[in-house]
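Asks: Structure in structure tokens, see below.
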Amino acid sequence: MTPTSTLPRAIRSILCAVDFSPQSRPAILAAAALAERFGAHITVLFVDDPLLSQAVRMRFDAQAVGQAAEAELRRFTERALGRRSSDLRNRAIAYAIVSGPPAGEICRAVARVSADLVVMGTRGLSGAKQVIIGSTAEAVLTKTQVPTLVVSPAAARLVRGRRWPGRKIVAAIDLGAHALTDTRLAARVARTFGASLALVHVVQPRLGPPWLRLRLQDDDRARLAQARGRLRTLAAAVTGVRVATRVLRGDPADEIAAVALASRAGLTVLLLRPGRGLFGPLTGSITYRVLAGTATPVLVVPAPA
């Protein structure tokens, strides 16, 4: 499979990775919604622990164990789909169970089924905004070269809707050297879904001692004005999509989540740029909080190097 830098014009193959946890159910619903929308094929994948799998197969008939595991994966998927299960019966849903390191097996499955999109769930937030996204999802996002849709528990209510992702998409944009490329990628995602696009940039307040407070506030205002002008210029370079712009001051994860919620967006887009850390400008805990904390599904799109 030739890696793609963004969503194709039509999604034909979806890989949905599950682990039998409640957090996997929204991922299955999201995959089903997109399959119905684009007429796509779904592969539901479970990656088994290799040591446990080997131990079980040593005690029981390997073929019988494999058949039982696939039957359970099928039941789990059908329970998650609920009434949608009957709608998808005429569409091919394949089931795959493999053993090995989860992230590596998921990436190998992407190539094996020629997936245009990976769909995964997360565990959400815990404690004082501490993210428990899971090492598997983190590893997949840093390795895969196809777009990955991450659905948190808080976003489950959206993907249950028949019209998801709807007509509004939010994209977080960094105003660095790749801003125009990232904006065009986000616009292509919006065109794929027939949605309008809101470009969002968050200016983080500068911190300093109290005696510099006024100067820092003046600096923040200047940065906000500059960002507004830059974002408007980027929006003007996009064609074929209705584009709005928002420049905010505050914590990036909180502001992005708030904009998506307030605008009733069905999808938040983050651009993943190689060589600049996870998701380019949104690094470390900020990125994880966007992924796991927002009440909107997050589409992570690999951008060209």
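In the structure tokens, the first chain shown is A, the next is B, and so on; residue numbers restart at 1 for each chain, and ligands run from 1 in the order shown.
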Please report, as a ChimeraX atom specification, each residue of range 153-287 of chain A to which DSSP assigns alpha helix (DSSP H) when run on this structure's backbone.

Replies: /A:156-159,179-193,213-236,252-262,284-287

Asks: Output C-alpha atoms for every residue in that selection, as a PDB file, in the first residue's frame.

Replies:
ATOM      1  CA  ALA A 156     -19.145   8.413  22.124  1.00  0.00           C
ATOM      2  CA  ARG A 157     -22.462  10.281  22.001  1.00  0.00           C
ATOM      3  CA  LEU A 158     -21.538  11.942  18.692  1.00  0.00           C
ATOM      4  CA  VAL A 159     -20.629   8.810  16.755  1.00  0.00           C
ATOM      5  CA  ALA A 179       0.953  26.388   8.153  1.00  0.00           C
ATOM      6  CA  LEU A 180      -0.257  26.649   4.551  1.00  0.00           C
ATOM      7  CA  THR A 181       0.318  22.945   3.828  1.00  0.00           C
ATOM      8  CA  ASP A 182      -1.463  21.967   7.043  1.00  0.00           C
ATOM      9  CA  THR A 183      -4.368  24.279   6.259  1.00  0.00           C
ATOM     10  CA  ARG A 184      -4.798  22.740   2.828  1.00  0.00           C
ATOM     11  CA  LEU A 185      -4.701  19.234   4.325  1.00  0.00           C
ATOM     12  CA  ALA A 186      -7.376  20.206   6.842  1.00  0.00           C
ATOM     13  CA  ALA A 187      -9.452  21.695   4.018  1.00  0.00           C
ATOM     14  CA  ARG A 188      -9.188  18.443   2.077  1.00  0.00           C
ATOM     15  CA  VAL A 189     -10.538  16.571   5.105  1.00  0.00           C
ATOM     16  CA  ALA A 190     -13.461  19.005   5.249  1.00  0.00           C
ATOM     17  CA  ARG A 191     -14.146  18.495   1.523  1.00  0.00           C
ATOM     18  CA  THR A 192     -14.047  14.713   2.003  1.00  0.00           C
ATOM     19  CA  PHE A 193     -16.863  15.005   4.559  1.00  0.00           C
ATOM     20  CA  ARG A 213       2.784  41.646  33.833  1.00  0.00           C
ATOM     21  CA  LEU A 214       1.733  44.721  31.840  1.00  0.00           C
ATOM     22  CA  ARG A 215       4.501  44.255  29.293  1.00  0.00           C
ATOM     23  CA  LEU A 216       3.628  40.568  28.894  1.00  0.00           C
ATOM     24  CA  GLN A 217      -0.046  41.417  28.409  1.00  0.00           C
ATOM     25  CA  ASP A 218       0.892  43.906  25.676  1.00  0.00           C
ATOM     26  CA  ASP A 219       3.020  41.224  24.066  1.00  0.00           C
ATOM     27  CA  ASP A 220       0.137  38.732  24.185  1.00  0.00           C
ATOM     28  CA  ARG A 221      -2.199  41.245  22.530  1.00  0.00           C
ATOM     29  CA  ALA A 222       0.327  41.831  19.750  1.00  0.00           C
ATOM     30  CA  ARG A 223       0.738  38.082  19.211  1.00  0.00           C
ATOM     31  CA  LEU A 224      -3.041  37.625  19.101  1.00  0.00           C
ATOM     32  CA  ALA A 225      -3.416  40.353  16.467  1.00  0.00           C
ATOM     33  CA  GLN A 226      -0.599  38.887  14.393  1.00  0.00           C
ATOM     34  CA  ALA A 227      -2.103  35.393  14.624  1.00  0.00           C
ATOM     35  CA  ARG A 228      -5.538  36.652  13.522  1.00  0.00           C
ATOM     36  CA  GLY A 229      -4.052  38.248  10.428  1.00  0.00           C
ATOM     37  CA  ARG A 230      -2.004  35.157   9.580  1.00  0.00           C
ATOM     38  CA  LEU A 231      -4.975  32.812  10.018  1.00  0.00           C
ATOM     39  CA  ARG A 232      -7.202  34.994   7.828  1.00  0.00           C
ATOM     40  CA  THR A 233      -4.534  34.874   5.113  1.00  0.00           C
ATOM     41  CA  LEU A 234      -4.417  31.076   5.343  1.00  0.00           C
ATOM     42  CA  ALA A 235      -8.205  30.850   5.138  1.00  0.00           C
ATOM     43  CA  ALA A 236      -8.211  33.008   2.017  1.00  0.00           C
ATOM     44  CA  PRO A 252      -4.304  24.853  23.819  1.00  0.00           C
ATOM     45  CA  ALA A 253      -5.981  21.585  24.854  1.00  0.00           C
ATOM     46  CA  ASP A 254      -8.740  23.335  26.790  1.00  0.00           C
ATOM     47  CA  GLU A 255      -9.405  25.957  24.114  1.00  0.00           C
ATOM     48  CA  ILE A 256      -9.472  23.489  21.216  1.00  0.00           C
ATOM     49  CA  ALA A 257     -11.901  21.256  23.108  1.00  0.00           C
ATOM     50  CA  ALA A 258     -14.057  24.262  24.050  1.00  0.00           C
ATOM     51  CA  VAL A 259     -14.257  25.553  20.468  1.00  0.00           C
ATOM     52  CA  ALA A 260     -15.207  22.128  19.123  1.00  0.00           C
ATOM     53  CA  LEU A 261     -17.918  21.769  21.761  1.00  0.00           C
ATOM     54  CA  ALA A 262     -19.288  25.307  21.402  1.00  0.00           C
ATOM     55  CA  GLY A 284       3.521  15.996  25.164  1.00  0.00           C
ATOM     56  CA  SER A 285       0.661  16.301  27.591  1.00  0.00           C
ATOM     57  CA  ILE A 286      -1.155  18.937  25.494  1.00  0.00           C
ATOM     58  CA  THR A 287      -1.579  16.499  22.631  1.00  0.00           C
TER      59      THR A 287
END

Asks: Which of range 172-263 of chain A end up as strand (DSSP E) when DSSP is run on this backbone - answer as a PyMOL selection string?

Replies: chain A and resi 172+196-203+243-249

Asks: Those same residues - C-alpha atoms - I'd like them written as an mmCIF file, in the first residue's frame.

Replies:
data_model
loop_
_atom_site.group_PDB
_atom_site.id
_atom_site.type_symbol
_atom_site.label_atom_id
_atom_site.label_comp_id
_atom_site.auth_asym_id
_atom_site.auth_seq_id
_atom_site.Cartn_x
_atom_site.Cartn_y
_atom_site.Cartn_z
ATOM 1 C CA ALA A 172 -5.920 23.095 15.118
ATOM 2 C CA SER A 196 -17.313 23.590 6.736
ATOM 3 C CA LEU A 197 -13.951 24.192 8.423
ATOM 4 C CA ALA A 198 -12.980 26.261 11.445
ATOM 5 C CA LEU A 199 -9.249 26.967 11.678
ATOM 6 C CA VAL A 200 -8.211 27.405 15.310
ATOM 7 C CA HIS A 201 -4.946 28.724 16.699
ATOM 8 C CA VAL A 202 -4.270 29.122 20.411
ATOM 9 C CA VAL A 203 -1.772 31.668 21.754
ATOM 10 C CA VAL A 243 -13.702 28.512 6.267
ATOM 11 C CA ALA A 244 -13.950 30.427 9.544
ATOM 12 C CA THR A 245 -11.058 31.380 11.842
ATOM 13 C CA ARG A 246 -10.674 31.557 15.614
ATOM 14 C CA VAL A 247 -7.630 32.789 17.530
ATOM 15 C CA LEU A 248 -7.768 32.265 21.266
ATOM 16 C CA ARG A 249 -5.566 32.880 24.275
#

Asks: Tell me which of A:Ala68, A:Ala30, A:Val44, A:Val241 sits closest to Thr296 in chain A, counting only C-alpha atoms.

Replies: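 Checking each of A:Ala68, A:Ala30, A:Val44, A:Val241 against Thr296 in chain A, counting only C-alpha atoms, the winner is A:Ala30.
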